[in-house]
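Colleague: Coordinates in my_file.cif, mmCIF, C-alpha atoms, are listed below.
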data_protein
loop_
_atom_site.label_atom_id
_atom_site.label_comp_id
_atom_site.auth_asym_id
_atom_site.auth_seq_id
_atom_site.Cartn_x
_atom_site.Cartn_y
_atom_site.Cartn_z
CA MET A 13 -25.65 -13.48 -21.12
CA ALA A 14 -23.05 -10.69 -20.97
CA ARG A 15 -21.82 -11.94 -17.62
CA TRP A 16 -21.41 -15.48 -18.92
CA LEU A 17 -19.60 -14.21 -22.02
CA ARG A 18 -17.21 -12.14 -19.94
CA SER A 19 -16.37 -15.11 -17.71
CA PHE A 20 -15.86 -17.34 -20.76
CA VAL A 21 -13.56 -14.88 -22.50
CA GLY A 22 -11.61 -14.30 -19.30
CA ALA A 23 -11.20 -18.03 -18.78
CA LEU A 24 -9.79 -18.43 -22.29
CA LEU A 25 -7.09 -15.90 -21.47
CA LEU A 26 -6.03 -17.99 -18.46
CA LEU A 27 -6.05 -21.45 -20.04
CA GLU A 28 -2.32 -22.06 -19.76
CA VAL A 29 -1.58 -22.80 -16.11
CA ALA A 30 1.90 -22.25 -14.76
CA ALA A 31 3.65 -25.59 -14.26
CA ALA A 32 5.31 -24.45 -11.04
CA LEU A 33 2.08 -24.55 -9.03
CA SER A 34 2.12 -27.14 -6.23
CA PHE A 35 -1.12 -28.23 -4.61
CA LEU A 36 -0.09 -28.79 -1.01
CA HIS A 37 -1.08 -27.53 2.41
CA HIS A 38 1.52 -25.05 3.64
CA ARG A 39 2.43 -24.73 7.31
CA TYR A 40 3.68 -21.32 8.46
CA GLU A 41 7.34 -21.79 7.49
CA GLU A 42 6.33 -23.30 4.14
CA MET A 43 3.92 -20.43 3.50
CA VAL A 44 6.66 -17.88 4.17
CA GLN A 45 9.03 -19.74 1.87
CA ALA A 46 6.38 -19.79 -0.87
CA LEU A 47 5.87 -16.03 -0.59
CA PHE A 48 9.59 -15.26 -0.72
CA ARG A 49 10.00 -17.65 -3.65
CA VAL A 50 7.43 -15.65 -5.62
CA GLN A 51 9.18 -12.41 -4.65
CA SER A 52 12.52 -13.76 -5.85
CA GLN A 53 11.00 -14.89 -9.16
CA CYS A 54 9.29 -11.55 -9.80
CA PRO A 55 11.47 -9.04 -7.91
CA TYR A 56 10.56 -6.01 -10.00
CA VAL A 57 6.78 -6.25 -9.51
CA THR A 58 6.52 -7.66 -5.98
CA ARG A 59 7.26 -6.69 -2.39
CA ILE A 60 6.80 -8.56 0.90
CA TYR A 61 5.99 -6.68 4.07
CA SER A 62 4.60 -7.52 7.50
CA ILE A 63 1.74 -5.58 9.07
CA GLY A 64 2.46 -6.97 12.56
CA ARG A 65 2.62 -10.19 14.52
CA SER A 66 0.15 -12.72 15.86
CA VAL A 67 -0.28 -13.53 19.54
CA GLU A 68 2.45 -16.18 19.26
CA GLY A 69 4.77 -13.89 17.32
CA ARG A 70 4.24 -15.05 13.73
CA HIS A 71 4.45 -12.34 11.09
CA LEU A 72 1.28 -11.31 9.25
CA TYR A 73 2.88 -11.17 5.83
CA VAL A 74 1.49 -9.42 2.77
CA LEU A 75 2.70 -9.92 -0.80
CA GLU A 76 2.24 -6.86 -2.99
CA PHE A 77 2.06 -6.82 -6.80
CA SER A 78 2.64 -3.52 -8.60
CA ASP A 79 4.79 -2.07 -11.36
CA TYR A 80 6.20 0.20 -8.63
CA PRO A 81 6.17 -1.95 -5.47
CA GLY A 82 6.00 0.02 -2.25
CA ILE A 83 4.72 3.18 -3.94
CA HIS A 84 1.19 4.47 -4.30
CA GLU A 85 0.78 5.89 -7.78
CA PRO A 86 -1.90 8.57 -8.12
CA LEU A 87 -5.09 7.21 -9.76
CA GLU A 88 -3.94 3.59 -9.32
CA PRO A 89 -6.41 1.80 -7.00
CA GLU A 90 -5.39 -0.35 -4.04
CA PHE A 91 -6.89 -3.85 -3.76
CA LYS A 92 -6.54 -6.52 -1.06
CA TYR A 93 -7.29 -10.19 -0.44
CA VAL A 94 -7.24 -11.57 3.13
CA GLY A 95 -7.28 -15.30 3.79
CA ASN A 96 -7.36 -17.70 6.73
CA MET A 97 -9.03 -15.28 9.18
CA HIS A 98 -10.46 -18.37 10.80
CA GLY A 99 -7.46 -20.64 11.31
CA ASN A 100 -9.26 -23.85 10.37
CA GLU A 101 -10.73 -22.44 7.13
CA VAL A 102 -7.69 -23.12 5.01
CA LEU A 103 -8.73 -23.14 1.36
CA GLY A 104 -8.46 -19.37 1.05
CA ARG A 105 -4.90 -19.52 2.36
CA GLU A 106 -3.89 -22.05 -0.30
CA LEU A 107 -5.78 -20.27 -3.09
CA LEU A 108 -3.99 -16.99 -2.33
CA LEU A 109 -0.62 -18.73 -2.45
CA GLN A 110 -1.65 -20.26 -5.77
CA LEU A 111 -2.84 -16.88 -7.02
CA SER A 112 0.48 -15.29 -6.05
CA GLU A 113 2.46 -17.88 -8.00
CA PHE A 114 0.04 -17.61 -10.90
CA LEU A 115 0.27 -13.81 -11.19
CA CYS A 116 4.07 -13.99 -11.11
CA GLU A 117 4.32 -16.78 -13.68
CA GLU A 118 1.80 -15.22 -16.07
CA TYR A 119 3.50 -11.84 -15.79
CA ARG A 120 6.81 -13.45 -16.71
CA ARG A 121 5.13 -15.19 -19.63
CA GLY A 122 3.82 -11.90 -20.97
CA ASN A 123 0.12 -12.59 -20.41
CA GLU A 124 -1.42 -9.27 -21.51
CA ARG A 125 -4.37 -9.44 -19.14
CA ILE A 126 -2.21 -10.12 -16.07
CA THR A 127 0.42 -7.58 -17.11
CA ARG A 128 -2.22 -4.89 -17.49
CA LEU A 129 -3.75 -5.82 -14.15
CA ILE A 130 -0.42 -5.54 -12.31
CA HIS A 131 0.53 -2.30 -14.06
CA ASP A 132 -2.85 -0.66 -13.37
CA THR A 133 -3.55 -1.99 -9.86
CA ARG A 134 -1.68 -2.21 -6.56
CA ILE A 135 -2.62 -5.69 -5.31
CA HIS A 136 -2.05 -6.74 -1.68
CA ILE A 137 -2.37 -10.45 -0.79
CA MET A 138 -2.40 -11.66 2.83
CA PRO A 139 -2.65 -15.48 2.78
CA SER A 140 -3.12 -15.82 6.55
CA MET A 141 -4.53 -13.39 9.10
CA ASN A 142 -4.58 -16.11 11.76
CA PRO A 143 -1.38 -18.18 11.43
CA ASP A 144 -1.59 -19.34 15.06
CA GLY A 145 -5.04 -20.82 14.62
CA TYR A 146 -3.94 -22.52 11.41
CA GLU A 147 -1.12 -24.35 13.19
CA VAL A 148 -3.64 -25.74 15.70
CA ALA A 149 -5.93 -26.92 12.89
CA ALA A 150 -3.05 -28.31 10.82
CA LYS A 151 -1.87 -30.53 13.68
CA GLN A 152 -5.23 -32.29 13.48
CA GLY A 153 -5.05 -32.53 9.69
CA PRO A 154 -7.90 -32.63 7.18
CA ASP A 155 -9.08 -36.11 8.16
CA SER A 156 -9.76 -35.50 11.86
CA ASN A 157 -10.11 -31.73 12.03
CA GLY A 158 -12.96 -30.57 14.24
CA TYR A 159 -15.41 -28.00 12.94
CA LEU A 160 -14.09 -25.39 15.38
CA THR A 161 -10.54 -26.65 15.99
CA GLY A 162 -8.15 -23.77 15.28
CA ARG A 163 -10.91 -21.34 14.34
CA ASN A 164 -9.89 -18.71 16.91
CA ASN A 165 -6.54 -17.06 17.51
CA ALA A 166 -4.14 -18.15 20.28
CA ASN A 167 -6.16 -16.18 22.86
CA GLY A 168 -9.31 -18.08 21.91
CA VAL A 169 -10.91 -15.10 20.18
CA ASP A 170 -12.87 -15.23 16.92
CA LEU A 171 -11.18 -12.50 14.85
CA ASN A 172 -14.30 -11.98 12.74
CA ARG A 173 -16.18 -10.96 15.89
CA ASN A 174 -13.41 -8.70 17.17
CA PHE A 175 -13.61 -5.42 15.24
CA PRO A 176 -15.14 -2.29 16.80
CA ASP A 177 -18.93 -2.46 16.52
CA LEU A 178 -19.63 0.51 14.27
CA ASN A 179 -22.97 -0.96 13.15
CA THR A 180 -24.45 -0.37 16.59
CA PHE A 181 -23.30 3.24 16.50
CA MET A 182 -24.90 3.64 13.08
CA TYR A 183 -28.19 1.96 14.00
CA TYR A 184 -28.61 3.37 17.49
CA SER A 185 -26.94 6.77 17.34
CA GLY A 186 -30.23 8.49 18.19
CA GLU A 187 -30.88 9.49 14.61
CA ILE A 188 -33.37 8.06 12.16
CA SER A 189 -30.48 7.29 9.86
CA GLY A 190 -27.06 7.46 11.49
CA PRO A 191 -23.80 8.09 9.63
CA ASN A 192 -22.56 5.14 7.62
CA HIS A 193 -19.14 6.28 6.48
CA HIS A 194 -15.89 7.10 8.29
CA ILE A 195 -17.45 6.53 11.69
CA PRO A 196 -14.86 7.36 14.36
CA LEU A 197 -13.52 4.58 16.55
CA PRO A 198 -14.29 4.54 20.30
CA ASP A 199 -11.55 5.97 22.49
CA ASN A 200 -10.69 2.61 24.08
CA TRP A 201 -10.83 0.49 20.93
CA LYS A 202 -7.21 -0.69 21.10
CA SER A 203 -7.80 -2.37 24.44
CA GLN A 204 -10.75 -4.31 23.00
CA VAL A 205 -9.10 -5.98 20.01
CA GLU A 206 -6.57 -8.76 19.47
CA PRO A 207 -3.06 -8.19 18.06
CA GLU A 208 -4.11 -9.54 14.65
CA THR A 209 -7.17 -7.29 14.55
CA LEU A 210 -5.15 -4.28 15.65
CA ALA A 211 -2.62 -4.92 12.91
CA VAL A 212 -5.33 -5.15 10.25
CA ILE A 213 -7.06 -1.96 11.44
CA GLN A 214 -3.78 -0.06 11.33
CA TRP A 215 -3.07 -1.58 7.90
CA ILE A 216 -6.35 -0.54 6.33
CA SER A 217 -5.98 2.89 7.91
CA SER A 218 -2.61 3.32 6.19
CA TYR A 219 -3.65 2.35 2.66
CA ASN A 220 -6.54 3.81 0.71
CA PHE A 221 -8.01 0.44 -0.24
CA VAL A 222 -10.88 0.54 -2.73
CA LEU A 223 -12.01 -3.09 -2.99
CA SER A 224 -11.37 -6.22 -0.94
CA ALA A 225 -12.48 -9.77 -0.22
CA ASN A 226 -11.82 -12.00 2.76
CA LEU A 227 -11.79 -15.74 2.12
CA HIS A 228 -13.56 -18.23 4.39
CA GLY A 229 -14.88 -21.79 4.29
CA GLY A 230 -17.81 -23.90 5.46
CA ALA A 231 -20.21 -22.84 2.71
CA VAL A 232 -20.07 -21.80 -0.95
CA VAL A 233 -21.49 -18.30 -1.40
CA ALA A 234 -20.42 -14.68 -1.92
CA ASN A 235 -21.62 -12.70 1.10
CA TYR A 236 -21.96 -8.91 1.04
CA PRO A 237 -22.76 -6.23 3.69
CA TYR A 238 -24.34 -5.56 5.96
CA ASP A 239 -23.48 -8.58 8.06
CA LYS A 240 -25.27 -7.24 11.13
CA SER A 241 -29.01 -6.63 11.07
CA GLN A 242 -30.53 -3.66 12.85
CA ASP A 243 -32.97 -5.89 14.73
CA GLN A 244 -30.66 -8.37 16.43
CA ARG A 245 -33.29 -10.31 18.33
CA PHE A 246 -37.01 -10.80 18.12
CA ARG A 247 -38.88 -12.43 21.00
CA SER A 248 -35.62 -13.89 22.32
CA HIS A 249 -34.82 -15.56 18.99
CA ARG A 250 -32.22 -14.53 16.49
CA ARG A 251 -33.89 -12.83 13.56
CA THR A 252 -32.44 -12.82 10.05
CA VAL A 253 -33.42 -9.71 8.13
CA ASN A 254 -32.05 -8.48 4.82
CA THR A 255 -30.06 -5.38 5.77
CA PRO A 256 -28.78 -3.59 2.67
CA THR A 257 -26.20 -0.84 2.47
CA PRO A 258 -26.80 2.28 0.37
CA ASP A 259 -24.59 0.51 -2.22
CA ASP A 260 -26.68 -2.67 -2.22
CA LYS A 261 -26.98 -3.03 -6.01
CA LEU A 262 -23.26 -2.47 -6.43
CA PHE A 263 -22.45 -5.07 -3.77
CA GLN A 264 -24.76 -7.56 -5.49
CA LYS A 265 -22.93 -6.97 -8.74
CA LEU A 266 -19.55 -7.46 -7.08
CA ALA A 267 -20.73 -10.70 -5.45
CA LYS A 268 -22.15 -11.98 -8.74
CA THR A 269 -18.90 -11.22 -10.50
CA TYR A 270 -17.23 -13.78 -8.27
CA SER A 271 -20.05 -16.32 -8.14
CA TYR A 272 -20.57 -16.47 -11.91
CA ALA A 273 -16.85 -16.69 -12.64
CA HIS A 274 -16.59 -19.53 -10.09
CA GLY A 275 -16.96 -23.10 -11.22
CA TRP A 276 -20.24 -23.80 -9.41
CA MET A 277 -20.98 -21.10 -6.82
CA HIS A 278 -23.56 -19.43 -9.08
CA ARG A 279 -25.68 -22.58 -9.27
CA GLY A 280 -27.02 -21.84 -5.79
CA TRP A 281 -27.25 -25.35 -4.34
CA ASN A 282 -24.10 -26.04 -2.33
CA CYS A 283 -23.37 -27.69 1.03
CA GLY A 284 -27.08 -28.36 1.60
CA ASP A 285 -27.96 -24.65 1.29
CA TYR A 286 -29.48 -22.63 -1.53
CA PHE A 287 -28.48 -19.07 -2.38
CA ALA A 288 -29.94 -17.54 -5.54
CA ASP A 289 -27.09 -16.68 -7.94
CA GLY A 290 -24.67 -17.92 -5.28
CA ILE A 291 -24.81 -14.66 -3.31
CA THR A 292 -26.41 -13.45 -0.09
CA ASN A 293 -26.76 -10.38 2.05
CA GLY A 294 -24.90 -11.27 5.24
CA ALA A 295 -27.61 -10.29 7.71
CA SER A 296 -30.29 -12.15 5.74
CA TRP A 297 -28.22 -15.35 6.17
CA TYR A 298 -27.36 -14.77 9.84
CA SER A 299 -26.57 -11.62 11.77
CA LEU A 300 -22.91 -11.19 12.66
CA SER A 301 -21.63 -8.51 15.02
CA LYS A 302 -18.15 -6.89 14.91
CA GLY A 303 -17.27 -8.41 11.54
CA MET A 304 -14.49 -7.27 9.23
CA GLN A 305 -16.46 -6.56 6.05
CA ASP A 306 -18.90 -4.17 7.74
CA PHE A 307 -15.97 -2.48 9.48
CA ASN A 308 -14.29 -1.83 6.14
CA TYR A 309 -17.41 -0.18 4.74
CA LEU A 310 -18.22 1.90 7.82
CA TYR A 311 -14.69 3.06 8.69
CA THR A 312 -12.73 3.24 5.42
CA ASN A 313 -13.23 3.79 1.70
CA CYS A 314 -13.01 0.04 1.07
CA PHE A 315 -15.86 -2.11 -0.24
CA GLU A 316 -15.36 -5.66 1.04
CA ILE A 317 -17.24 -8.91 0.54
CA THR A 318 -16.78 -12.29 2.24
CA LEU A 319 -16.18 -15.34 0.05
CA GLU A 320 -17.24 -18.71 1.47
CA LEU A 321 -15.38 -21.13 -0.80
CA SER A 322 -15.78 -24.74 0.31
CA CYS A 323 -18.13 -27.02 2.21
CA ASN A 324 -15.11 -28.67 3.82
CA LYS A 325 -13.18 -26.16 5.90
CA PHE A 326 -9.95 -28.17 5.63
CA PRO A 327 -10.17 -29.96 2.28
CA PRO A 328 -7.70 -32.78 1.53
CA GLU A 329 -4.72 -32.01 -0.69
CA GLU A 330 -6.12 -34.06 -3.55
CA ASP A 331 -9.01 -31.59 -3.79
CA LEU A 332 -6.85 -28.44 -3.95
CA GLU A 333 -6.22 -28.51 -7.70
CA ARG A 334 -9.93 -28.83 -8.47
CA GLN A 335 -10.67 -25.95 -6.11
CA TRP A 336 -7.98 -23.80 -7.71
CA MET A 337 -9.39 -24.39 -11.17
CA ALA A 338 -12.86 -23.43 -9.89
CA ASN A 339 -11.63 -20.20 -8.28
CA ARG A 340 -8.80 -19.04 -10.56
CA GLU A 341 -10.84 -16.97 -12.99
CA ALA A 342 -13.06 -15.62 -10.22
CA LEU A 343 -10.08 -14.40 -8.20
CA VAL A 344 -8.72 -12.48 -11.19
CA ALA A 345 -12.11 -11.17 -12.35
CA PHE A 346 -12.89 -9.81 -8.89
CA ILE A 347 -9.64 -7.83 -8.80
CA GLU A 348 -10.62 -6.28 -12.12
CA GLU A 349 -13.81 -4.95 -10.53
CA VAL A 350 -11.72 -2.29 -8.79
CA HIS A 351 -11.59 -0.55 -12.18
CA GLN A 352 -15.16 0.69 -12.41
CA GLY A 353 -17.09 3.79 -11.45
CA ILE A 354 -15.25 7.11 -11.29
CA LYS A 355 -11.84 8.27 -10.14
CA GLY A 356 -9.88 11.48 -10.28
CA MET A 357 -7.88 14.14 -8.48
CA VAL A 358 -9.13 16.73 -6.02
CA THR A 359 -6.79 19.72 -6.13
CA ASP A 360 -6.68 23.35 -5.10
CA GLU A 361 -6.20 26.28 -7.49
CA ASN A 362 -2.44 25.65 -7.48
CA ASN A 363 -2.92 21.98 -8.47
CA ASN A 364 -1.90 20.71 -5.05
CA GLY A 365 -3.73 17.54 -4.04
CA ILE A 366 -6.30 17.89 -1.26
CA ALA A 367 -6.30 14.94 1.14
CA GLY A 368 -9.50 13.96 2.92
CA ALA A 369 -11.84 15.66 0.47
CA VAL A 370 -15.34 14.19 0.68
CA ILE A 371 -16.85 12.71 -2.49
CA SER A 372 -20.65 12.51 -2.33
CA VAL A 373 -22.91 10.91 -4.91
CA GLN A 374 -26.47 12.21 -5.09
CA GLY A 375 -28.95 9.47 -4.22
CA ILE A 376 -26.37 7.22 -2.49
CA SER A 377 -25.92 8.13 1.17
CA HIS A 378 -22.39 6.82 1.55
CA ASP A 379 -19.39 9.09 1.02
CA ILE A 380 -15.75 8.30 0.36
CA THR A 381 -12.69 10.51 0.78
CA SER A 382 -9.60 11.36 -1.23
CA GLY A 383 -6.24 9.88 -0.31
CA ASP A 384 -3.05 11.59 0.80
CA MET A 385 -2.20 12.68 -2.74
CA GLY A 386 -5.70 13.96 -3.45
CA ASP A 387 -6.77 11.06 -5.65
CA TYR A 388 -10.09 9.32 -5.06
CA PHE A 389 -11.88 6.19 -6.28
CA ARG A 390 -15.66 5.73 -6.14
CA LEU A 391 -17.05 2.37 -7.27
CA LEU A 392 -20.33 2.83 -9.13
CA LEU A 393 -22.59 0.89 -11.47
CA PRO A 394 -23.05 2.17 -15.04
CA GLY A 395 -25.33 5.21 -15.12
CA THR A 396 -25.41 8.99 -14.83
CA TYR A 397 -24.54 10.56 -11.48
CA THR A 398 -24.32 13.95 -9.83
CA VAL A 399 -21.12 14.04 -7.79
CA THR A 400 -19.90 16.67 -5.32
CA ALA A 401 -16.41 17.16 -3.93
CA SER A 402 -16.03 19.21 -0.74
CA ALA A 403 -13.20 19.96 1.65
CA GLU A 404 -12.68 22.11 4.71
CA GLY A 405 -11.77 25.65 3.68
CA TYR A 406 -12.87 25.25 0.05
CA GLN A 407 -16.01 25.86 -1.96
CA PRO A 408 -17.68 22.59 -3.00
CA GLN A 409 -17.85 21.64 -6.66
CA THR A 410 -20.59 19.56 -8.29
CA VAL A 411 -20.48 17.82 -11.67
CA THR A 412 -22.66 15.38 -13.59
CA THR A 413 -20.93 12.41 -15.17
CA THR A 414 -21.83 9.20 -16.95
CA VAL A 415 -20.26 5.88 -15.95
CA GLY A 416 -19.84 3.20 -18.58
CA PRO A 417 -19.55 -0.59 -18.22
CA ALA A 418 -15.79 -0.72 -18.87
CA ALA A 419 -13.04 1.57 -17.60
CA PRO A 420 -13.77 4.11 -14.85
CA SER A 421 -14.71 7.65 -15.84
CA LEU A 422 -12.08 10.25 -15.05
CA VAL A 423 -13.60 13.13 -13.06
CA HIS A 424 -11.29 15.76 -11.61
CA PHE A 425 -12.21 18.50 -9.14
CA GLN A 426 -10.38 21.80 -8.63
CA LEU A 427 -11.70 23.52 -5.53
CA LYS A 428 -11.51 27.23 -4.90
CA GLN A 429 -10.52 28.49 -1.50
CA ASP A 430 -13.47 29.56 0.63
CA VAL A 431 -12.78 33.15 1.68
CA VAL A 432 -14.45 34.21 4.91
CA ARG A 433 -15.16 37.92 4.86
CA LYS A 434 -14.58 40.04 7.94
CA PRO A 435 -17.64 41.78 9.39
CA PRO A 436 -17.79 45.60 9.03
CA GLU A 437 -16.18 47.71 11.75
CA ARG A 438 -18.50 49.06 14.41
CA LYS A 439 -18.09 52.59 15.82
CA ALA A 440 -19.73 54.19 18.83
CA SER A 441 -21.85 57.23 17.99
CA GLY A 442 -19.85 60.48 17.88
CA THR A 443 -16.56 58.97 19.12
CA ARG A 444 -13.44 57.39 17.61
CA THR A 445 -13.27 53.68 18.47
CA ASN A 446 -10.58 51.09 18.88
CA ASN A 447 -11.23 48.84 15.87
CA LYS A 448 -9.29 45.89 17.26
CA ALA A 449 -11.25 45.92 20.49
CA LEU A 450 -14.64 46.08 18.81
CA GLN A 451 -14.02 43.81 15.85
CA LYS A 452 -15.78 40.48 16.31
CA LYS A 453 -13.78 37.31 16.04
CA VAL A 454 -14.31 35.59 12.72
CA VAL A 455 -15.36 31.99 13.36
CA PRO A 456 -14.35 29.49 10.65
CA ARG A 457 -17.24 27.96 8.78
CA ALA A 458 -16.40 24.48 10.03
CA ALA A 459 -16.64 25.60 13.63
CA ARG A 460 -20.04 27.19 13.00
CA ARG A 461 -21.31 23.93 11.53
CA GLY A 462 -20.09 21.86 14.43
CA THR A 463 -18.26 18.57 14.37
CA GLN A 464 -19.15 16.45 11.34
#
Let me see whether you can do it: turn the structure in this file into structure tokens.
Modeller:
Amino acid sequence: MARWLRSFVGALLLLEVAAALSFLHHRYEEMVQALFRVQSQCPYVTRIYSIGRSVEGRHLYVLEFSDYPGIHEPLEPEFKYVGNMHGNEVLGRELLLQLSEFLCEEYRRGNERITRLIHDTRIHIMPSMNPDGYEVAAKQGPDSNGYLTGRNNANGVDLNRNFPDLNTFMYYSGEISGPNHHIPLPDNWKSQVEPETLAVIQWISSYNFVLSANLHGGAVVANYPYDKSQDQRFRSHRRTVNTPTPDDKLFQKLAKTYSYAHGWMHRGWNCGDYFADGITNGASWYSLSKGMQDFNYLYTNCFEITLELSCNKFPPEEDLERQWMANREALVAFIEEVHQGIKGMVTDENNNGIAGAVISVQGISHDITSGDMGDYFRLLLPGTYTVTASAEGYQPQTVTTTVGPAAPSLVHFQLKQDVVRKPPERKASGTRTNNKALQKKVVPRAARRGTQ
């Protein structure tokens, strides 16, 4: 009931739709024009930047919304939407352009909810990760578009099967339970990925993203990690097995936030399939290797889900307005989910921020780290948690905190420097010794532990 009430109240706040919205399919040049039009209409809260280029040289543009565009403010979380990863799955691309116009227009109108969201969140919107594939699909048009036409990039590679396979490292690292956070990339990873994938990996390595969704088509369901099951095959047949992360309940809540705010996703029956509550664990649907959402969870601090938004991958223009109305509240409500759990600063005794400090939550075997300024963000469900902050060269600190259902709890850590004492001097019996020659080398604690 609470979830339904929240969606209803949120929808009331967004009843007045900006008249400037146009429900058209946008080719690359038109998409770029739409992004720069939004930036010109809201110059003080937006910024456009490119994270790289596609195989055919098209920019991978991102539109940022923030009260201080281009600047990370301490304790302000970073959020991202990525659309059109598969070039022929175009609804996400159009919805993100609509969302961009909507946020700008509502901010200009003084909508309190949208103003608060932009002031408290740094929002990054990439309408198209695969602009080359889109152009191939768009030439066919919605009426004659093949199910796979334009899906891949210009090199014929499926970008959602192109990220380094960190799941395999986690599952088969020789341990009963391998590491599942900040897994290092293989040495030759750059030679194994496409230009678009490389750009995204470098992008998410440069920003401390907290929450994300990538928008797809071909079904209607909110899909959450893991996408790849541990048991890939069974008796030569693909086996679908529910494969939860340590944050499974949180991911289910995030997925339900979108599905229940959506016009019909939560009903379950869509496109001939049934998903209870309109959500699914990715691996229990079908196992996917080298996908983007698992990569986000295993390599960065970001929690990402995949949104399948339409049965028709390339819906006709006359259906775009209906789809926007079905997704508008869900797109906004999901961004708001970045403001839950705990956040704070990790500093030393002189109040300098400590970058890369590890934040561990007792009972949840998935750690996150602090950003360059020492601020951290840990998404959590309401409850009471024991949280530890640790960093190389400092004594760890543990606190117990309670998370409520609304704003995140503010939990700061101030770590004391870990002083390594020198061993006592040794002297030979009855003789004066050279202290420097006999003193043992002090080995830092990290080196004694070994590589983490």
Colleague: Can you tell me how far atom CA of Lys268 of chain A sits from atom CA of Asp289 of chain A, in Å to one decimal?
Modeller: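 Computing the Euclidean distance for atom CA of Lys268 of chain A and atom CA of Asp289 of chain A yields 6.9 Å.
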Colleague: Measure the distance from atom CA of Asn200 of chain A to atom CA of Ser301 of chain A in Å and round it to one decimal.
Modeller: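 Result for atom CA of Asn200 of chain A versus atom CA of Ser301 of chain A: 18.0 Å, one decimal.
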Colleague: So which one's closest to Cys314 of chain A, A:Ile366, A:Met277, A:Leu75, A:Val350? Using only C-alpha atoms, please.
Modeller: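 Of the candidates, the smallest distance to Cys314 of chain A is held by A:Val350.
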Colleague: Residues of segment 55-140 of chain A that approach segment 158-165 of chain A to 9 Å or less, counting all atoms listed in the file: could you list each one with the shortest pair of atoms and its distance in Å to one decimal, rows by chain and increasing residue number, as a Markdown table?
Modeller:
| residue | atom | partner | partner_atom | distance |
| --- | --- | --- | --- | --- |
| A:Ser66 | CA | A:Asn165 | CA | 8.1 |
| A:Val67 | CA | A:Asn165 | CA | 7.5 |
| A:Met97 | CA | A:Arg163 | CA | 8.2 |
| A:His98 | CA | A:Arg163 | CA | 4.6 |
| A:Gly99 | CA | A:Arg163 | CA | 4.6 |
| A:Asn100 | CA | A:Arg163 | CA | 5.0 |
| A:Glu101 | CA | A:Arg163 | CA | 7.3 |
Colleague: Identify, on the basis of all atoms listed in the file, every residue whose closest approach to Asp331 of chain A does not exceed 10 Å; exclude the query and any residue fewer than 3 positions from it along the same chain; express the result as a list in words.
Modeller: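 My reading of the contact set: Phe35, Leu36, Leu103, Pro327, Pro328, Arg334, Gln335 and Trp336 of chain A.
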Colleague: With distances taken over all atoms listed in the file, which residue among A:Gly395, A:Pro176, A:Pro139, A:Pro89 lies nearest Tyr73 of chain A?
Modeller: A:Pro139
Colleague: Could you tell me which of A:Met182, A:Ala345, A:Val411, A:Leu87 comes closest to Asp384 of chain A if we count all atoms listed in the file?
Modeller: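 Comparing A:Met182, A:Ala345, A:Val411, A:Leu87 against Asp384 of chain A, the winner is A:Leu87.
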Colleague: Enumerate, as a list in words, the residues matched when the PyMOL selection byres ((chain A and resi 86) around 10) is run on the file above.
Modeller: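 Written out, the selection comes to Ile83, His84, Glu85, Leu87, Glu88, Pro89, Gly356, Met357, Gly383, Asp384, Met385, Gly386, Asp387 and Tyr388 of chain A.
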Colleague: Go ahead and write the residues just picked, C-alpha atoms, as a PDB file, in the coordinates of the input.
Modeller:
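Result file follows (out28.pdb):
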ATOM      1  CA  ILE A  83       4.720   3.180  -3.940  1.00  0.00           C
ATOM      2  CA  HIS A  84       1.190   4.470  -4.300  1.00  0.00           C
ATOM      3  CA  GLU A  85       0.780   5.890  -7.780  1.00  0.00           C
ATOM      4  CA  LEU A  87      -5.090   7.210  -9.760  1.00  0.00           C
ATOM      5  CA  GLU A  88      -3.940   3.590  -9.320  1.00  0.00           C
ATOM      6  CA  PRO A  89      -6.410   1.800  -7.000  1.00  0.00           C
ATOM      7  CA  GLY A 356      -9.880  11.480 -10.280  1.00  0.00           C
ATOM      8  CA  MET A 357      -7.880  14.140  -8.480  1.00  0.00           C
ATOM      9  CA  GLY A 383      -6.240   9.880  -0.310  1.00  0.00           C
ATOM     10  CA  ASP A 384      -3.050  11.590   0.800  1.00  0.00           C
ATOM     11  CA  MET A 385      -2.200  12.680  -2.740  1.00  0.00           C
ATOM     12  CA  GLY A 386      -5.700  13.960  -3.450  1.00  0.00           C
ATOM     13  CA  ASP A 387      -6.770  11.060  -5.650  1.00  0.00           C
ATOM     14  CA  TYR A 388     -10.090   9.320  -5.060  1.00  0.00           C
TER      15      TYR A 388
END
